[in-house]
file model_36.txt (compact mmCIF, C-alpha atoms and all ligand atoms)
# COMPACT_ATOMS: atom_id res chain seq x y z
CA MET V 1 7.10 -13.24 -8.35
CA ALA V 2 10.80 -13.35 -7.51
CA ASP V 3 11.78 -13.41 -3.84
CA PHE V 4 12.75 -10.06 -2.43
CA PRO V 5 13.85 -9.11 1.07
CA PRO V 6 11.21 -7.30 3.17
CA LEU V 7 10.54 -3.81 1.90
CA ALA V 8 11.89 -1.15 4.26
CA PHE V 9 9.53 -0.20 7.14
CA THR V 10 7.12 -3.09 6.45
CA ARG V 11 7.76 -5.84 8.99
CA PHE V 12 6.70 -4.54 12.40
CA PRO V 13 8.15 -7.08 14.83
CA LEU V 14 6.16 -6.51 18.04
CA ASP V 15 2.78 -7.41 19.46
CA ARG V 16 1.17 -3.97 19.31
CA ALA V 17 -0.79 -4.93 22.45
CA ASP V 18 -3.37 -2.22 21.87
CA ARG V 19 -5.36 -3.74 24.75
CA LEU V 20 -2.75 -2.24 27.11
CA ARG V 21 -2.74 1.29 25.68
CA GLY V 22 -5.50 2.53 27.97
CA ASN V 23 -4.21 0.70 31.03
CA ALA V 24 -1.98 3.19 32.86
CA ASP V 25 -1.07 0.77 35.66
CA ALA V 26 0.02 -1.97 33.28
CA LEU V 27 2.07 0.51 31.24
CA THR V 28 3.78 1.94 34.31
CA ALA V 29 4.62 -1.59 35.41
CA LEU V 30 6.09 -2.40 31.99
CA ARG V 31 8.00 0.87 31.81
CA THR V 32 9.64 0.33 35.21
CA ARG V 33 10.59 -3.31 34.69
CA GLU V 34 14.26 -4.16 34.19
CA ASP V 35 13.62 -5.46 30.68
CA ALA V 36 11.90 -2.29 29.43
CA VAL V 37 13.40 -0.91 26.22
CA VAL V 38 13.29 2.74 25.18
CA LEU V 39 14.25 3.96 21.72
CA ALA V 40 15.34 7.59 21.77
CA PHE V 41 14.51 10.18 19.12
CA TRP V 42 15.31 13.83 18.78
CA ARG V 43 13.54 15.98 16.20
CA HIS V 44 12.11 12.73 14.75
CA LYS V 45 15.61 11.27 14.29
CA PRO V 46 16.37 7.94 16.00
CA PHE V 47 19.59 7.52 17.97
CA LEU V 48 21.59 4.96 15.98
CA MET V 49 24.83 3.16 16.73
CA LYS V 50 27.17 1.24 14.49
CA HIS V 51 26.30 -2.45 14.53
CA GLY V 52 28.12 -5.07 12.48
CA GLY V 53 28.49 -3.51 9.07
CA GLY V 54 25.34 -1.43 9.49
CA LEU V 55 23.35 0.50 12.07
CA ALA V 56 21.03 -0.35 14.93
CA PRO V 57 18.90 1.79 17.24
CA ALA V 58 20.25 2.14 20.76
CA ARG V 59 18.03 0.16 23.14
CA LEU V 60 18.08 2.17 26.33
CA ARG V 61 17.04 0.65 29.64
CA GLY V 62 13.91 2.16 31.12
CA ASP V 63 15.81 3.83 33.97
CA MET V 64 18.17 5.61 31.58
CA LEU V 65 15.48 8.04 30.40
CA ASP V 66 13.00 9.79 32.66
CA PRO V 67 9.63 9.81 30.84
CA SER V 68 8.83 13.27 32.23
CA ALA V 69 11.95 14.67 30.53
CA SER V 70 10.72 13.69 27.07
CA ALA V 71 8.44 15.79 24.90
CA VAL V 72 6.43 12.70 23.91
CA GLU V 73 6.70 9.06 24.88
CA VAL V 74 4.78 6.27 23.15
CA PHE V 75 4.27 2.56 23.78
CA LEU V 76 5.15 0.59 20.65
CA GLY V 77 4.27 -2.87 21.90
CA LEU V 78 5.54 -6.04 23.54
CA GLU V 79 8.69 -7.95 22.67
CA GLY V 80 7.93 -11.19 24.45
CA GLU V 81 7.13 -9.93 27.95
CA ALA V 82 9.11 -6.72 27.64
CA GLY V 83 7.57 -3.35 26.86
CA VAL V 84 9.14 -1.37 24.03
CA PHE V 85 8.73 2.40 24.18
CA ALA V 86 9.97 5.30 22.11
CA ALA V 87 10.80 8.72 23.51
CA GLU V 88 11.04 11.98 21.59
CA LEU V 89 13.44 14.24 23.51
CA ASP V 90 12.74 17.94 23.89
CA PRO V 91 13.23 19.31 20.36
CA ALA V 92 14.23 22.74 21.68
CA ARG V 93 17.35 21.45 23.47
CA GLU V 94 20.40 19.76 21.98
CA PRO V 95 20.60 16.44 23.84
CA GLY V 96 24.38 16.86 24.28
CA GLU V 97 26.08 15.31 27.26
CA SER V 98 22.85 14.94 29.22
CA PHE V 99 21.92 12.07 26.89
CA PRO V 100 23.11 8.81 28.52
CA LEU V 101 24.68 7.44 25.33
CA HIS V 102 26.24 10.72 24.24
CA GLY V 103 29.20 10.07 21.95
CA LEU V 104 28.30 6.45 21.23
CA GLY V 105 26.13 7.17 18.19
CA GLU V 106 24.15 9.87 16.44
CA PHE V 107 20.58 11.02 15.97
CA GLU V 108 20.20 10.21 12.29
CA ASP V 109 17.68 10.81 9.53
CA LEU V 110 15.63 7.61 9.24
CA ARG V 111 15.02 7.97 5.53
CA LEU V 112 18.74 8.22 4.79
CA SER V 113 19.83 5.51 7.21
CA ALA V 114 17.10 2.94 6.44
CA GLY V 115 19.39 1.02 4.06
CA GLY V 116 21.81 0.26 6.92
CA LEU V 117 19.14 -1.00 9.34
CA ASP V 118 17.77 -4.45 9.98
CA ALA V 119 14.19 -4.75 8.62
CA ASP V 120 12.62 -5.22 12.08
CA ASP V 121 14.41 -2.19 13.48
CA ALA V 122 13.48 -0.07 10.47
CA ALA V 123 9.79 -0.96 10.91
CA LEU V 124 9.89 -0.14 14.64
CA LEU V 125 11.57 3.19 14.05
CA ALA V 126 9.21 4.07 11.21
CA THR V 127 6.21 3.48 13.47
CA ALA V 128 7.63 5.70 16.19
CA ARG V 129 8.61 8.37 13.69
CA GLY V 130 5.11 8.41 12.22
CA LEU V 131 3.62 8.88 15.68
CA PHE V 132 6.07 11.62 16.69
CA ALA V 133 5.52 13.55 13.47
CA TRP V 134 1.77 13.37 14.07
CA HIS V 135 2.02 14.52 17.71
CA ALA V 136 4.25 17.42 16.70
CA ARG V 137 1.61 18.72 14.27
CA HIS V 138 -1.51 18.01 16.29
CA GLY V 139 -1.06 19.87 19.54
CA PHE V 140 -4.29 21.75 18.87
CA CYS V 141 -7.75 20.43 18.16
CA SER V 142 -8.75 20.65 14.49
CA ASN V 143 -12.37 20.84 15.62
CA CYS V 144 -12.27 23.68 18.17
CA GLY V 145 -8.68 24.95 18.43
CA ALA V 146 -8.08 24.03 22.08
CA ALA V 147 -4.83 22.33 23.15
CA THR V 148 -5.09 18.53 22.90
CA ALA V 149 -3.61 15.93 25.24
CA LEU V 150 -1.80 12.69 24.50
CA ALA V 151 -3.87 9.58 25.28
CA GLN V 152 -3.79 5.80 24.76
CA ALA V 153 -0.02 5.57 25.25
CA GLY V 154 0.56 7.87 22.28
CA TRP V 155 -1.94 6.38 19.83
CA ARG V 156 -4.57 9.08 20.28
CA ARG V 157 -4.98 12.72 21.25
CA THR V 158 -8.07 13.96 22.99
CA CYS V 159 -9.52 17.43 23.22
CA PRO V 160 -10.55 18.39 26.77
CA ALA V 161 -12.73 21.26 25.46
CA CYS V 162 -14.94 19.54 22.85
CA GLU V 163 -14.09 15.91 23.71
CA VAL V 164 -13.26 14.95 20.12
CA GLU V 165 -10.74 12.11 19.83
CA HIS V 166 -8.00 12.46 17.24
CA PHE V 167 -6.34 9.39 15.71
CA PRO V 168 -2.86 9.21 14.18
CA ARG V 169 -3.10 10.31 10.60
CA VAL V 170 -2.22 8.10 7.61
CA ASP V 171 -2.41 9.56 4.10
CA PRO V 172 -2.90 7.06 1.25
CA VAL V 173 -0.73 7.55 -1.83
CA VAL V 174 -0.86 5.51 -5.05
CA ILE V 175 2.45 4.82 -6.73
CA MET V 176 2.18 3.28 -10.14
CA LEU V 177 4.00 0.69 -12.18
CA ILE V 178 2.62 1.79 -15.53
CA VAL V 179 3.40 -0.72 -18.27
CA HIS V 180 2.98 -0.38 -22.02
CA GLU V 181 3.57 -3.08 -24.59
CA HIS V 182 5.21 -1.52 -27.64
CA PRO V 183 5.24 -3.53 -30.89
CA GLU V 184 8.96 -2.80 -31.49
CA HIS V 185 10.45 -1.96 -28.08
CA GLY V 186 8.53 -4.58 -26.08
CA GLU V 187 7.33 -3.84 -22.56
CA ARG V 188 8.26 -0.47 -21.19
CA VAL V 189 7.55 1.31 -17.91
CA LEU V 190 6.72 4.96 -17.43
CA LEU V 191 9.01 6.99 -15.16
CA GLY V 192 8.79 10.69 -14.41
CA ARG V 193 10.75 13.39 -12.65
CA GLY V 194 9.52 16.41 -10.75
CA GLU V 195 10.83 19.96 -10.95
CA GLY V 196 13.86 20.48 -8.73
CA TRP V 197 14.60 16.77 -8.28
CA PRO V 198 18.24 15.67 -8.05
CA GLU V 199 20.05 15.33 -11.34
CA ARG V 200 19.03 12.14 -13.23
CA GLY V 201 16.36 11.46 -10.60
CA TYR V 202 13.34 9.56 -11.93
CA SER V 203 10.66 7.51 -10.22
CA CYS V 204 7.28 5.90 -10.71
CA LEU V 205 4.39 8.38 -10.93
CA ALA V 206 2.57 8.85 -7.64
CA GLY V 207 -0.09 10.96 -6.02
CA PHE V 208 -2.33 11.33 -2.98
CA VAL V 209 -5.71 9.64 -3.00
CA GLU V 210 -8.52 12.20 -2.81
CA PRO V 211 -11.81 11.87 -0.91
CA GLY V 212 -14.28 9.75 -2.87
CA GLU V 213 -11.63 7.88 -4.87
CA THR V 214 -10.68 4.23 -4.94
CA LEU V 215 -6.99 3.43 -5.39
CA GLY V 216 -7.76 2.70 -9.05
CA ASP V 217 -9.56 6.01 -9.52
CA ALA V 218 -6.62 7.89 -8.01
CA ALA V 219 -4.10 6.06 -10.20
CA ARG V 220 -6.08 6.73 -13.39
CA ARG V 221 -6.54 10.41 -12.50
CA GLU V 222 -2.89 10.97 -11.61
CA ALA V 223 -1.58 9.24 -14.76
CA ARG V 224 -3.93 11.26 -16.95
CA GLU V 225 -3.25 14.58 -15.18
CA GLU V 226 0.52 14.26 -14.92
CA ALA V 227 1.44 12.54 -18.17
CA GLY V 228 -1.70 12.35 -20.32
CA VAL V 229 -1.53 8.55 -20.13
CA ILE V 230 -4.79 6.59 -20.01
CA LEU V 231 -4.80 3.54 -17.76
CA GLY V 232 -6.96 0.46 -17.95
CA GLU V 233 -7.62 -1.82 -15.03
CA VAL V 234 -5.46 -1.10 -11.96
CA SER V 235 -4.30 -3.93 -9.71
CA TYR V 236 -2.77 -3.78 -6.24
CA LEU V 237 0.77 -5.11 -5.74
CA LEU V 238 2.09 -4.17 -2.29
CA SER V 239 2.15 -1.35 0.26
CA GLN V 240 4.66 0.44 2.44
CA PRO V 241 4.34 2.82 5.39
CA TRP V 242 6.29 5.98 4.55
CA PRO V 243 6.30 8.09 7.70
CA PHE V 244 7.76 11.28 6.18
CA PRO V 245 5.50 12.42 7.66
CA SER V 246 2.44 10.21 7.30
CA SER V 247 2.03 8.44 3.96
CA LEU V 248 0.97 4.90 3.24
CA MET V 249 2.21 4.00 -0.24
CA PHE V 250 0.01 1.69 -2.30
CA GLY V 251 2.04 0.15 -5.11
CA VAL V 252 -0.27 -0.61 -8.03
CA GLU V 253 0.18 -1.81 -11.57
CA ALA V 254 -1.71 -0.76 -14.67
CA ARG V 255 -1.52 -1.11 -18.43
CA ALA V 256 -1.39 2.09 -20.44
CA GLY V 257 -3.71 2.33 -23.44
CA GLY V 258 -1.03 4.12 -25.48
CA ASP V 259 2.47 5.51 -25.16
CA ALA V 260 1.85 9.14 -26.10
CA ILE V 261 2.95 11.43 -23.26
CA GLU V 262 1.43 14.84 -22.64
CA LEU V 263 3.17 16.40 -19.67
CA ASP V 264 1.55 18.74 -17.21
CA PRO V 265 4.52 21.05 -16.55
CA ASN V 266 3.07 21.97 -13.17
CA GLU V 267 3.32 18.34 -12.09
CA LEU V 268 6.31 16.87 -13.92
CA ALA V 269 9.51 18.16 -15.52
CA ASP V 270 9.87 15.04 -17.67
CA ALA V 271 8.43 11.57 -18.22
CA ARG V 272 9.77 8.77 -20.36
CA TRP V 273 9.23 5.10 -21.21
CA VAL V 274 12.03 2.81 -20.09
CA THR V 275 12.79 -0.60 -21.61
CA LYS V 276 13.92 -3.63 -19.61
CA ALA V 277 17.46 -3.26 -20.94
CA GLU V 278 17.50 0.36 -19.79
CA MET V 279 16.03 -0.56 -16.42
CA ALA V 280 18.77 -3.14 -15.94
CA ASP V 281 21.27 -0.34 -16.54
CA VAL V 282 19.45 1.89 -14.04
CA MET V 283 19.61 -0.78 -11.34
CA ALA V 284 23.28 -1.43 -12.12
CA GLU V 285 23.91 2.33 -11.80
CA ARG V 286 25.22 2.68 -15.31
CA HIS V 287 22.36 4.44 -17.09
CA PRO V 288 23.56 7.82 -18.41
CA ASP V 289 20.27 9.71 -17.83
CA ILE V 290 18.57 7.93 -14.92
CA ARG V 291 20.06 7.32 -11.50
CA LYS V 292 19.09 4.32 -9.42
CA PRO V 293 16.31 5.47 -7.12
CA TYR V 294 16.59 5.45 -3.38
CA ALA V 295 16.94 1.82 -2.22
CA ALA V 296 14.35 1.84 0.60
CA ALA V 297 11.62 3.33 -1.60
CA ILE V 298 8.74 1.26 -2.92
CA ALA V 299 9.40 2.69 -6.42
CA THR V 300 12.69 0.79 -6.53
CA ARG V 301 10.86 -2.39 -5.54
CA LEU V 302 8.19 -1.88 -8.22
CA MET V 303 10.91 -1.49 -10.85
CA SER V 304 12.74 -4.57 -9.56
CA ILE V 305 9.55 -6.67 -9.62
CA TRP V 306 8.96 -5.71 -13.23
CA LEU V 307 12.57 -6.30 -14.20
CA ALA V 308 12.60 -9.75 -12.57
CA ARG V 309 9.61 -10.93 -14.60
CA GLY V 310 10.22 -12.95 -17.73
CA ASP V 311 8.94 -11.46 -20.98
ZN ZN V 401 -11.71 20.37 20.48
call {"tool": "encode", "arguments": {"input": "model_36.txt", "output": "structure tokens"}}
result
Amino acid sequence: MADFPPLAFTRFPLDRADRLRGNADALTALRTREDAVVLAFWRHKPFLMKHGGGLAPARLRGDMLDPSASAVEVFLGLEGEAGVFAAELDPAREPGESFPLHGLGEFEDLRLSAGGLDADDAALLATARGLFAWHARHGFCSNCGAATALAQAGWRRTCPACEVEHFPRVDPVVIMLIVHEHPEHGERVLLGRGEGWPERGYSCLAGFVEPGETLGDAARREAREEAGVILGEVSYLLSQPWPFPSSLMFGVEARAGGDAIELDPNELADARWVTKAEMADVMAERHPDIRKPYAAAIATRLMSIWLARGD
């Protein structure tokens, strides 16, 4: 396989130090040390500053943000000896001038800004974003309805009424590099587009894994349901956290038994087979009908892996 840079959001750079999550004294000590780092978020958007030709999250000192002023604060892990935390500011109030770095950067959408971030920073921010999105949606117990409380430095919520523990949610998704060998056109890959997608937007077919399914089962079901394409054996390629809000993308590859497409119009607006020459045009942003997909997405990586292979 050709060498590629780390996929966005995949190279978490810290020691997660989960042994410290339940140790309030140790966490307080880390949080009040001079070397403590806090990454600030507002409405799940990290505060980013211009850095070199790209972007970097602002690393606030611990004393610049009062933990009690944040809606949620989580412990991400250790960077050497230093504790790294992330704080979600009160979503109901514009941070404005009360924010210590006001005017020096912006709270920016992580999905849109990922391309400008260093891989380590992107992975850190993705982890925090995934946690904040989960906290925001899990204030009440799914077992009994009572209000839940943050626990384990942000990695759990507990219900004081029924004592159930809730863990941060991760939803598995299969995303498929579906390949067909055509006697005349050679190898081609199946791309599809959903209703309402941006003009010329196409991607690999994807879908959530359902209870009782393996990744292979889910891939075969989705390909058959969405495009009427029958897959053989499914093999795993690579994965990517996708915290918008809580997906874990499993990139898989499978051979299609045939190239006939039967669209389910409720699932897809179009699907088409793409040759290597066409894919090269897509990646060079000169294909008339298909735009280059979003750079940080695993779909783009799957297409690049296929394109980089010799025939
Ligand atoms: Zn409960």
call {"tool": "closest_residue", "arguments": {"input": "model_36.txt", "among": "V:Thr10, V:Ser247, V:Ser142, V:Thr214", "to": "ligand ZN 401 (chain V)", "atoms": "only C-alpha atoms and all ligand atoms"}}
result
V:Ser142
call {"tool": "closest_residue", "arguments": {"input": "model_36.txt", "among": "V:Val229, V:Ile298, V:Leu307, V:Ala56", "to": "Asp264 (chain V)", "atoms": "all atoms listed in the file"}}
result
V:Val229
call {"tool": "residues_near_ligand", "arguments": {"input": "model_36.txt", "ligand": "ligand ZN 401 (chain V)", "cutoff": "9 Å", "atoms": "all atoms listed in the file", "output": "PDB file with C-alpha atoms, in the coordinates of the input"}}
result
ATOM      1  CA  PHE V 140      -4.290  21.750  18.870  1.00  0.00           C
ATOM      2  CA  CYS V 141      -7.750  20.430  18.160  1.00  0.00           C
ATOM      3  CA  SER V 142      -8.750  20.650  14.490  1.00  0.00           C
ATOM      4  CA  ASN V 143     -12.370  20.840  15.620  1.00  0.00           C
ATOM      5  CA  CYS V 144     -12.270  23.680  18.170  1.00  0.00           C
ATOM      6  CA  GLY V 145      -8.680  24.950  18.430  1.00  0.00           C
ATOM      7  CA  ALA V 146      -8.080  24.030  22.080  1.00  0.00           C
ATOM      8  CA  ALA V 147      -4.830  22.330  23.150  1.00  0.00           C
ATOM      9  CA  THR V 148      -5.090  18.530  22.900  1.00  0.00           C
ATOM     10  CA  THR V 158      -8.070  13.960  22.990  1.00  0.00           C
ATOM     11  CA  CYS V 159      -9.520  17.430  23.220  1.00  0.00           C
ATOM     12  CA  PRO V 160     -10.550  18.390  26.770  1.00  0.00           C
ATOM     13  CA  ALA V 161     -12.730  21.260  25.460  1.00  0.00           C
ATOM     14  CA  CYS V 162     -14.940  19.540  22.850  1.00  0.00           C
ATOM     15  CA  GLU V 163     -14.090  15.910  23.710  1.00  0.00           C
ATOM     16  CA  VAL V 164     -13.260  14.950  20.120  1.00  0.00           C
ATOM     17  CA  GLU V 165     -10.740  12.110  19.830  1.00  0.00           C
TER      18      GLU V 165
END
call {"tool": "closest_residue", "arguments": {"input": "model_36.txt", "among": "V:His51, V:Arg193, V:Arg59, V:Arg156", "to": "Gly22 (chain V)", "atoms": "only C-alpha atoms"}}
result
V:Arg156
call {"tool": "residues_around", "arguments": {"input": "model_36.txt", "residues": "Ala8 (chain V)", "least_positions_apart": "4", "cutoff": "7 Å", "atoms": "only C-alpha atoms", "output": "JSON, numbers by chain"}}
result
{"V": [114, 119, 122, 123, 296]}
call {"tool": "residues_around", "arguments": {"input": "model_36.txt", "residues": "region 272-284 of chain V", "least_positions_apart": "3", "cutoff": "6 Å", "atoms": "only C-alpha atoms", "output": "ChimeraX atom specification"}}
result
/V:188-191,287,292
call {"tool": "residues_around", "arguments": {"input": "model_36.txt", "residues": "Cys204 (chain V)", "least_positions_apart": "6", "cutoff": "7 Å", "atoms": "all atoms listed in the file", "output": "VMD selection string"}}
result
chain V and resid 175 to 177 190 to 192 299
call {"tool": "closest_residue", "arguments": {"input": "model_36.txt", "among": "V:Arg111, V:Met249, V:Pro265, V:Ala256", "to": "Arg301 (chain V)", "atoms": "all atoms listed in the file"}}
result
V:Met249
call {"tool": "closest_residue", "arguments": {"input": "model_36.txt", "among": "V:Phe4, V:Trp134, V:Phe107, V:Phe244", "to": "Thr300 (chain V)", "atoms": "only C-alpha atoms"}}
result
V:Phe4
call {"tool": "decode", "arguments": {"input": "model_36.txt", "residues": "region 217-243 of chain V", "atoms": "N, CA, C and O atoms", "output": "compact mmCIF listing (two decimals), in the first residue's frame"}}
result
# COMPACT_ATOMS: atom_id res chain seq x y z
N ASP V 217 -21.57 -8.25 7.26
CA ASP V 217 -23.03 -8.34 7.08
C ASP V 217 -23.59 -6.96 6.74
O ASP V 217 -24.44 -6.82 5.86
N ALA V 218 -23.15 -5.95 7.49
CA ALA V 218 -23.68 -4.60 7.29
C ALA V 218 -23.32 -4.09 5.89
O ALA V 218 -24.15 -3.48 5.21
N ALA V 219 -22.08 -4.35 5.46
CA ALA V 219 -21.66 -3.89 4.14
C ALA V 219 -22.49 -4.57 3.05
O ALA V 219 -22.98 -3.90 2.12
N ARG V 220 -22.67 -5.88 3.17
CA ARG V 220 -23.45 -6.61 2.14
C ARG V 220 -24.90 -6.12 2.13
O ARG V 220 -25.49 -5.93 1.06
N ARG V 221 -25.48 -5.90 3.29
CA ARG V 221 -26.87 -5.43 3.34
C ARG V 221 -27.01 -4.04 2.72
O ARG V 221 -27.89 -3.78 1.91
N GLU V 222 -26.11 -3.13 3.12
CA GLU V 222 -26.21 -1.75 2.61
C GLU V 222 -26.03 -1.70 1.09
O GLU V 222 -26.76 -0.99 0.40
N ALA V 223 -25.05 -2.46 0.56
CA ALA V 223 -24.81 -2.43 -0.88
C ALA V 223 -26.01 -2.98 -1.64
O ALA V 223 -26.41 -2.45 -2.70
N ARG V 224 -26.61 -4.02 -1.08
CA ARG V 224 -27.78 -4.62 -1.75
C ARG V 224 -28.98 -3.68 -1.65
O ARG V 224 -29.67 -3.42 -2.63
N GLU V 225 -29.22 -3.12 -0.46
CA GLU V 225 -30.38 -2.25 -0.27
C GLU V 225 -30.27 -0.97 -1.09
O GLU V 225 -31.22 -0.54 -1.73
N GLU V 226 -29.10 -0.34 -1.06
CA GLU V 226 -28.97 0.99 -1.66
C GLU V 226 -28.82 0.92 -3.17
O GLU V 226 -29.34 1.77 -3.88
N ALA V 227 -28.05 -0.06 -3.65
CA ALA V 227 -27.70 -0.05 -5.08
C ALA V 227 -27.98 -1.38 -5.78
O ALA V 227 -27.73 -1.51 -6.98
N GLY V 228 -28.53 -2.35 -5.07
CA GLY V 228 -28.81 -3.65 -5.69
C GLY V 228 -27.55 -4.39 -6.09
O GLY V 228 -27.57 -5.26 -6.95
N VAL V 229 -26.43 -4.07 -5.45
CA VAL V 229 -25.15 -4.70 -5.78
C VAL V 229 -24.84 -5.79 -4.76
O VAL V 229 -24.95 -5.56 -3.55
N ILE V 230 -24.47 -6.97 -5.28
CA ILE V 230 -24.20 -8.11 -4.40
C ILE V 230 -22.70 -8.21 -4.15
O ILE V 230 -21.90 -8.26 -5.09
N LEU V 231 -22.33 -8.21 -2.88
CA LEU V 231 -20.91 -8.26 -2.52
C LEU V 231 -20.50 -9.66 -2.12
O LEU V 231 -21.28 -10.39 -1.51
N GLY V 232 -19.25 -9.99 -2.44
CA GLY V 232 -18.65 -11.23 -1.93
C GLY V 232 -18.02 -10.97 -0.59
O GLY V 232 -18.55 -10.23 0.24
N GLU V 233 -16.84 -11.55 -0.41
CA GLU V 233 -16.15 -11.41 0.87
C GLU V 233 -15.80 -9.95 1.13
O GLU V 233 -15.41 -9.22 0.22
N VAL V 234 -15.92 -9.52 2.37
CA VAL V 234 -15.64 -8.13 2.76
C VAL V 234 -14.39 -8.12 3.64
O VAL V 234 -14.31 -8.89 4.59
N SER V 235 -13.42 -7.27 3.30
CA SER V 235 -12.22 -7.21 4.13
C SER V 235 -12.04 -5.81 4.70
O SER V 235 -12.38 -4.81 4.07
N TYR V 236 -11.48 -5.77 5.90
CA TYR V 236 -11.28 -4.51 6.62
C TYR V 236 -10.03 -3.79 6.12
O TYR V 236 -9.00 -4.42 5.92
N LEU V 237 -10.11 -2.48 5.91
CA LEU V 237 -8.94 -1.71 5.49
C LEU V 237 -8.42 -0.78 6.58
O LEU V 237 -7.27 -0.86 6.96
N LEU V 238 -9.25 0.13 7.06
CA LEU V 238 -8.80 1.08 8.09
C LEU V 238 -10.03 1.74 8.71
O LEU V 238 -11.13 1.63 8.16
N SER V 239 -9.82 2.43 9.84
CA SER V 239 -10.96 3.05 10.51
C SER V 239 -10.64 4.48 10.89
O SER V 239 -9.48 4.90 10.89
N GLN V 240 -11.68 5.24 11.18
CA GLN V 240 -11.53 6.66 11.50
C GLN V 240 -12.65 7.10 12.46
O GLN V 240 -13.82 6.95 12.12
N PRO V 241 -12.27 7.69 13.60
CA PRO V 241 -13.31 8.31 14.43
C PRO V 241 -13.92 9.49 13.66
O PRO V 241 -13.18 10.24 13.01
N TRP V 242 -15.21 9.64 13.73
CA TRP V 242 -15.89 10.72 13.00
C TRP V 242 -16.91 11.32 13.96
O TRP V 242 -18.08 10.93 13.98
N PRO V 243 -16.45 12.23 14.83
CA PRO V 243 -17.28 12.66 15.96
C PRO V 243 -18.32 13.70 15.59
O PRO V 243 -18.42 14.74 16.23
